[in-house]
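Chemist: Below are the structure tokens for one structure; questions will follow.
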Amino acid sequence: MSDSIEELSSRILAAMDRVAQRVDALGGSDPSAVDALKQALEAEQQVNAELTDRVRALEERQEQAISALEAKASEATERVAALDTELQQLRRANGSLTDACVALREANAAGVGEPHLINKSMMAELEAIRAMRSAEMAEAQEIISALTPLLTASATAQGAEEAH
């Protein structure tokens with residue numbers, strides 16, 4: 001789009017140059033023709049200025065849109081990283097719980113009830129529950145973050161419909 005506007009701008013500049021050359025060539029011949037050419041030149045200059053302003057406005061909007069998208073992408077990346085950290089903690093806690101349960105089963109099978117194994121398995125289970133809750137909270141936050149813009153847009157559209 002920017003290329004086509006630049007192409008139009010260069011064509012307009014070329015046309016203005018041709019008009020200016022003809023005005024100079026005419027010199028003082030027909031004053032009404034000279035005035036008409038001057039008016040045409042001024043009109044072309046005005047159109048060129050308007051096109052230049054539109055190009056600047058389009059570039060600014062494009063830069064703002066890109067910045068907004070980059071910010072959203074960065075935020076999403078941070079949320080995914082936080083969720084991944086929570087899931088890694090959950091996996092480690094579940095691994096510890098599995099190991100503690102295996103040790104407890106082996107001790108019970110041998111007929112030896114060892115209190116430290118029971119305590120260890122209880123602590124591992126509590127850590128797994130905490131890690132699972134933390135991961136669920138991170139997932140819930142991710143869902144809320146994804147739904148908030150949709151709900152806001154829906155509420156805005158509904159408010160606009162009610163206003164009409």
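Just remember, in the structure tokens the first chain shown is A, the second B, etc., residues are 1-based per chain, and ligands are 1-based in the order shown.
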Which residues of range 23-96 of chain A come within 8 Å of range 116-135 of chain A, and for each one, what is the closest pair of atoms and their distance in Å to one decimal, counting only C-alpha atoms, sorted by chain and residue number, as a Markdown table?

Modeler:
```
| residue | atom | partner | partner_atom | distance |
| --- | --- | --- | --- | --- |
| A:Leu83 | CA | A:Ala135 | CA | 6.6 |
| A:Glu86 | CA | A:Ala135 | CA | 4.9 |
| A:Leu87 | CA | A:Ala135 | CA | 5.8 |
| A:Gln89 | CA | A:Ala131 | CA | 6.0 |
| A:Leu90 | CA | A:Ala131 | CA | 4.7 |
| A:Ala93 | CA | A:Ala128 | CA | 4.6 |
| A:Asn94 | CA | A:Ala128 | CA | 5.5 |
| A:Ser96 | CA | A:Ala124 | CA | 5.9 |
```

Chemist: Which value, in Å to one decimal, gives the distance between CA of Asp35 in chain A and CA of Leu51 in chain A?

Modeler: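 Separation of CA of Asp35 in chain A and CA of Leu51 in chain A: 24.3 Å.
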
Chemist: Tell me which protein, DNA and RNA residues are within 9 Å of Leu41 in chain A, counting only C-alpha atoms, leaving out same-chain ones fewer than 2 positions away, and put them as a compact mmCIF listing (two decimals) with all heavy atoms, in the first residue's frame.

Modeler:
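Output file result-v6.txt is given in full below:
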```txt
# COMPACT_ATOMS: atom_id res chain seq x y z
N ALA A 15 4.09 15.19 -12.77
CA ALA A 15 3.08 16.00 -13.45
C ALA A 15 3.23 17.46 -13.08
O ALA A 15 3.11 18.36 -13.95
CB ALA A 15 1.68 15.49 -13.10
N MET A 16 3.52 17.73 -11.82
CA MET A 16 3.70 19.13 -11.39
C MET A 16 4.92 19.74 -12.06
O MET A 16 4.91 20.92 -12.46
CB MET A 16 3.82 19.19 -9.86
CG MET A 16 2.51 18.89 -9.15
SD MET A 16 2.47 19.11 -7.36
CE MET A 16 4.06 18.67 -6.82
N ASP A 17 5.96 18.95 -12.22
CA ASP A 17 7.16 19.45 -12.91
C ASP A 17 6.85 19.78 -14.37
O ASP A 17 7.29 20.81 -14.89
CB ASP A 17 8.29 18.41 -12.84
CG ASP A 17 8.91 18.31 -11.46
OD1 ASP A 17 8.71 19.26 -10.65
OD2 ASP A 17 9.57 17.29 -11.19
N VAL A 19 3.94 20.60 -15.59
CA VAL A 19 3.09 21.81 -15.60
C VAL A 19 3.97 23.04 -15.39
O VAL A 19 3.82 24.06 -16.08
CB VAL A 19 2.00 21.70 -14.52
CG1 VAL A 19 1.29 23.04 -14.33
CG2 VAL A 19 0.98 20.62 -14.89
N ALA A 20 4.89 22.96 -14.45
CA ALA A 20 5.76 24.11 -14.18
C ALA A 20 6.63 24.44 -15.40
O ALA A 20 6.83 25.62 -15.72
CB ALA A 20 6.64 23.82 -12.97
N ALA A 36 -4.67 29.09 -15.30
CA ALA A 36 -5.24 27.74 -15.21
C ALA A 36 -4.17 26.73 -14.86
O ALA A 36 -4.37 25.82 -14.04
CB ALA A 36 -5.94 27.37 -16.51
N LEU A 37 -3.00 26.87 -15.48
CA LEU A 37 -1.90 25.95 -15.18
C LEU A 37 -1.40 26.13 -13.76
O LEU A 37 -1.09 25.15 -13.07
CB LEU A 37 -0.76 26.16 -16.18
CG LEU A 37 -1.03 25.68 -17.61
CD1 LEU A 37 0.14 26.07 -18.52
CD2 LEU A 37 -1.24 24.17 -17.63
N LYS A 38 -1.37 27.37 -13.28
CA LYS A 38 -0.94 27.62 -11.90
C LYS A 38 -1.94 27.00 -10.92
O LYS A 38 -1.55 26.42 -9.91
CB LYS A 38 -0.80 29.12 -11.65
CG LYS A 38 0.45 29.71 -12.25
CD LYS A 38 0.57 31.18 -11.91
CE LYS A 38 1.83 31.77 -12.54
NZ LYS A 38 1.95 33.21 -12.25
N GLN A 39 -3.22 27.13 -11.23
CA GLN A 39 -4.24 26.54 -10.36
C GLN A 39 -4.13 25.00 -10.37
O GLN A 39 -4.27 24.35 -9.33
CB GLN A 39 -5.64 26.97 -10.80
CG GLN A 39 -5.94 28.42 -10.49
CD GLN A 39 -7.30 28.85 -11.03
OE1 GLN A 39 -7.98 28.10 -11.72
NE2 GLN A 39 -7.69 30.08 -10.70
N ALA A 43 -3.35 22.68 -7.18
CA ALA A 43 -4.23 21.56 -6.83
C ALA A 43 -3.44 20.27 -6.71
O ALA A 43 -3.64 19.48 -5.77
CB ALA A 43 -5.33 21.41 -7.88
N GLU A 44 -2.51 20.04 -7.61
CA GLU A 44 -1.68 18.85 -7.56
C GLU A 44 -0.78 18.86 -6.33
O GLU A 44 -0.55 17.83 -5.69
CB GLU A 44 -0.83 18.71 -8.84
CG GLU A 44 -1.63 18.40 -10.09
CD GLU A 44 -2.35 17.07 -10.02
OE1 GLU A 44 -1.82 16.11 -9.40
OE2 GLU A 44 -3.46 16.99 -10.54
N GLN A 45 -0.26 20.04 -5.97
CA GLN A 45 0.56 20.15 -4.78
C GLN A 45 -0.26 19.83 -3.53
O GLN A 45 0.22 19.17 -2.61
CB GLN A 45 1.18 21.55 -4.68
CG GLN A 45 2.29 21.79 -5.68
CD GLN A 45 2.78 23.23 -5.68
OE1 GLN A 45 2.07 24.14 -5.27
NE2 GLN A 45 4.00 23.44 -6.17
N GLN A 46 -1.49 20.28 -3.51
CA GLN A 46 -2.36 20.01 -2.37
C GLN A 46 -2.66 18.51 -2.27
O GLN A 46 -2.62 17.92 -1.19
CB GLN A 46 -3.66 20.80 -2.48
CG GLN A 46 -4.57 20.63 -1.29
CD GLN A 46 -5.83 21.46 -1.40
OE1 GLN A 46 -6.04 22.19 -2.36
NE2 GLN A 46 -6.68 21.35 -0.40
```

Chemist: Show which residues sit within 12 Å of Val80 in chain A, as a list of chain:residue names. Count only C-alpha atoms, and ignore same-chain residues fewer than 4 positions away.

Modeler: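 Selected residues are A:Ala73, A:Ser74, A:Glu75, A:Ala76, A:Asp84, A:Thr85, A:Glu86, A:Leu87, A:Ala135, A:Ala138, A:Glu139, A:Gln141, A:Glu142, A:Ile143, A:Ser145, A:Ala146.
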
Chemist: Tell me, in Å to one decimal, how far CA of Ala33 in chain A is from CA of Ile12 in chain A.

Modeler: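 We find that CA of Ala33 in chain A and CA of Ile12 in chain A lie 20.0 Å from each other.
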
Chemist: Show which residues sit within 10 Å of range 52-59 of chain A, as a VMD selection string. Count only C-alpha atoms, and ignore same-chain residues fewer than 3 positions away.

Modeler: chain A and resid 1 to 3 5 to 6 9 46 to 49 62 to 65

Chemist: Rounded to one decimal, what separation in Å do you get between CA of Thr77 in chain A and CA of Ile144 in chain A?

Modeler: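 Atom-to-atom, CA of Thr77 in chain A to CA of Ile144 in chain A, that is 15.4 Å.
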